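S.K.: Before anything else, here's the structure in question.
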Amino acid sequence: MTLRPLSVLVSLSLCLPLAASAVEFSQAELGKATALQQKLLTLDSHLDTPANFGRADFNIMQRHDHNALSQVDYPRMVEGALDGGFFAIYTDQGDRSPAAHIAERDHGLQRMQEIHEMLAANPDKFQLALSADDAARIKAAGKRVVYISMENGSPLVADPTLLSYYYKAGLRLMSTVHFANNEFADSATDPKGAEWNGLSPAGKALVNEAVKLGIVIDQSHASDAVFDNLIEMMPVPFILSHSSAKAVFNHPRNLDDARLRQLAAKGGVVQANAYGGYLVDETKSAERKQAEEELEKRLGGWENMTMAKGVELRKAMAELDQKYPRRKATLDDFFQHFGHMLDVVGPDHVGIGMDWDGGGGVTGMEDAADLPKITAWMQRRGLSDAQIANIWSGNVLRVMRQAQDYAAAQKKS
């Protein structure tokens, strides 16, 4: 089953900007930022890197830069002082037929298996984290932290009871929906509009079961009405694993200031996103869209591409940038969203979810090796080391700890 189309997923850092990013950092600033990150715990709440685990020529221990398919691997994690994060089980949504639901069920299970195969192949470098306290222990052991998340609940439509299996296999964060409405919830971006006016009855049951297990709920990609449902029904905080500010760019995937404040009042966290199309208007011409579709078809489709094809894809995209240039989000644009959310809710309710390997990346921040630029910017802004530590991991782990403590208390009562 084809995953996200090339027009959505190709690293947006490949597109030719109409204006270069103005923000720059000295080597001294980046060195200071890297040193701080190496001391504290640096986690990204939304890594689509498992999309590459099924590619025969992908090895997470090898550097795959200059490749349109990859922004995260072990060498670049080390360079960017990224300790790990939430590795997503993303499943594309089909036509919502029974056959599509079975295919989505199987795809989700396969992706979970691929994450565990990566862990088994690299036990000295990566380790599965199950609790909020595991991350610091894994970092202290010199390994990278792997939490497992689910982006889009479609693998559970055919059999919602599989949630308990996913939990036992390591799932600790999940969203209900993605680009289009499904049986659980309304999407923020379905062109047909609302179907359930928030969560469906099945979606509410799924959320309640996740809370019972201690799985953190992720509202990213869901509609504002879903957000409102979660605020009303959740006994614990939730997060948005990769979202931006609607006040800066009025996109339905972004969150308005009033809801940002509601999220903070609930104890939740919004994780700043670097998907360019949610930061600025990156609308493509019809000619470019057609060219990208033809390119994807020529290279065999996104899911079937090898890493070798990813090198070819990068070169071909550079040629399209020359032929069909368009506006490209910059590091400045990312910081505008990030800064606005910090202004609205403060450093205890903001984190980082770059959407690497899922379309994330802006001019000036191409892959995980560039992450110290974010820390350098926070240091320029005057944030304390403790506040920076919370943004990089403390806030999201606090929400996880609250979810897990609540679930444990309910089991005892």
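Numbering starts fresh at 1 for the residues of each chain in the structure tokens, the chains themselves are lettered A, B, ... in the order given, and ligands are numbered from 1 as they appear.
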Hey, what's within 12 Å of Arg298 of chain A if we count only C-alpha atoms and toss same-chain stuff fewer than 6 positions away? As an MDAnalysis selection string, please?

M.R.: chainID A and resid 6 291:292 304:305 309 312:313 316

S.K.: If you count only C-alpha atoms, which residues fall within 7 Å of Ala376 of chain A, apart from same-chain ones fewer than 2 positions away, as a list of chain:residue names?

M.R.: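 My list of contacting residues is A:Glu29, A:Leu30, A:Ala33, A:Pro372, A:Lys373, A:Ile374, A:Met378, A:Gln379, A:Arg380.
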
S.K.: Neighbours of Leu320 of chain A within 12 Å (only C-alpha atoms; same-chain residues fewer than 3 positions away dropped), as a list in words?

M.R.: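 These residues fall inside the cut-off: Ser7, Leu14, Cys15, Leu16, Lys284, Ser285, Glu287, Arg288, Lys289, Gln290, Ala291, Glu292, Glu293, Glu294, Leu295, Leu313, Arg314, Lys315, Ala316, Met317, Lys323, Tyr324, Pro325 and Arg326 of chain A.
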
S.K.: Can you pull out every residue within 10 Å of Phe238 of chain A, counting only C-alpha atoms, but drop anything in the same chain fewer than 2 positions away, and send it as a PyMOL selection string?

M.R.: chain A and resi 173+215-219+227+230-231+234-236+240-241+263-264+266-270+396+399-400+402-403

S.K.: Tell me which protein, DNA and RNA residues are within 12 Å of His221 of chain A, counting only C-alpha atoms, leaving out same-chain ones fewer than 6 positions away, and put them as a ChimeraX atom specification.

M.R.: /A:151-153,174-182,185-190,198,227,239-244,251-255,273,278

S.K.: Quick one: residues within 10 Å of Ile60 of chain A, only C-alpha atoms counted, chain neighbours fewer than 5 positions away excluded, as a PyMOL selection string?

M.R.: chain A and resi 49-50+52-53+70+72-76+118+121-122

S.K.: Take the selection from the previous step and output its residues with N, CA and C atoms, as an mmCIF file, in the first residue's frame.

M.R.:
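Below you can see again-v5.cif, which holds the result:
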data_model
loop_
_atom_site.group_PDB
_atom_site.id
_atom_site.type_symbol
_atom_site.label_atom_id
_atom_site.label_comp_id
_atom_site.auth_asym_id
_atom_site.auth_seq_id
_atom_site.Cartn_x
_atom_site.Cartn_y
_atom_site.Cartn_z
ATOM 1 N N THR A 49 11.146 8.254 11.163
ATOM 2 C CA THR A 49 12.273 7.435 10.699
ATOM 3 C C THR A 49 11.920 5.970 10.485
ATOM 4 N N PRO A 50 10.981 5.360 11.252
ATOM 5 C CA PRO A 50 10.638 3.963 10.959
ATOM 6 C C PRO A 50 10.125 3.726 9.546
ATOM 7 N N ASN A 52 11.710 4.282 7.071
ATOM 8 C CA ASN A 52 12.876 3.790 6.333
ATOM 9 C C ASN A 52 13.324 2.394 6.762
ATOM 10 N N PHE A 53 12.801 1.895 7.878
ATOM 11 C CA PHE A 53 13.306 0.634 8.410
ATOM 12 C C PHE A 53 13.051 -0.541 7.484
ATOM 13 N N SER A 70 16.018 10.510 3.885
ATOM 14 C CA SER A 70 16.506 10.360 5.251
ATOM 15 C C SER A 70 17.019 11.660 5.845
ATOM 16 N N VAL A 72 17.374 11.385 9.611
ATOM 17 C CA VAL A 72 17.793 10.889 10.920
ATOM 18 C C VAL A 72 18.482 9.541 10.769
ATOM 19 N N ASP A 73 19.692 9.448 11.289
ATOM 20 C CA ASP A 73 20.409 8.193 11.437
ATOM 21 C C ASP A 73 21.352 8.368 12.622
ATOM 22 N N TYR A 74 21.995 7.303 13.039
ATOM 23 C CA TYR A 74 22.817 7.380 14.255
ATOM 24 C C TYR A 74 23.925 8.429 14.158
ATOM 25 N N PRO A 75 24.691 8.483 13.067
ATOM 26 C CA PRO A 75 25.748 9.505 13.001
ATOM 27 C C PRO A 75 25.219 10.926 13.129
ATOM 28 N N ARG A 76 24.093 11.215 12.508
ATOM 29 C CA ARG A 76 23.560 12.579 12.604
ATOM 30 C C ARG A 76 22.874 12.835 13.947
ATOM 31 N N MET A 118 15.008 -3.216 14.419
ATOM 32 C CA MET A 118 16.092 -2.231 14.508
ATOM 33 C C MET A 118 16.720 -2.249 15.891
ATOM 34 N N ALA A 121 18.859 -5.345 16.326
ATOM 35 C CA ALA A 121 20.084 -5.313 15.521
ATOM 36 C C ALA A 121 21.138 -4.377 16.100
ATOM 37 N N ASN A 122 20.725 -3.436 16.973
ATOM 38 C CA ASN A 122 21.655 -2.422 17.483
ATOM 39 C C ASN A 122 21.510 -2.249 18.996
#

S.K.: Would you mind listing what lies within 7 Å of Asp348 of chain A as a list in words, with only C-alpha atoms counted and same-chain residues fewer than 5 positions away left out?

M.R.: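 Residues near the query, excluding close chain neighbours: Asn390, Ile391 and Asn395 of chain A.
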
S.K.: Save out the residues we just selected, N, CA, C and O atoms, as a PDB file, in the first residue's frame.

M.R.:
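The resulting file, out.pdb, is shown below:
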ATOM      1  N   ASN A 390      13.627  21.384  29.924  1.00  0.00           N
ATOM      2  CA  ASN A 390      12.206  21.049  29.909  1.00  0.00           C
ATOM      3  C   ASN A 390      11.654  21.046  28.491  1.00  0.00           C
ATOM      4  O   ASN A 390      10.858  20.174  28.124  1.00  0.00           O
ATOM      5  N   ILE A 391      12.059  22.020  27.691  1.00  0.00           N
ATOM      6  CA  ILE A 391      11.583  22.084  26.308  1.00  0.00           C
ATOM      7  C   ILE A 391      12.055  20.870  25.520  1.00  0.00           C
ATOM      8  O   ILE A 391      11.284  20.286  24.738  1.00  0.00           O
ATOM      9  N   ASN A 395       9.196  18.486  29.584  1.00  0.00           N
ATOM     10  CA  ASN A 395       7.754  18.736  29.506  1.00  0.00           C
ATOM     11  C   ASN A 395       6.989  17.516  29.013  1.00  0.00           C
ATOM     12  O   ASN A 395       5.973  17.114  29.594  1.00  0.00           O
TER      13      ASN A 395
END
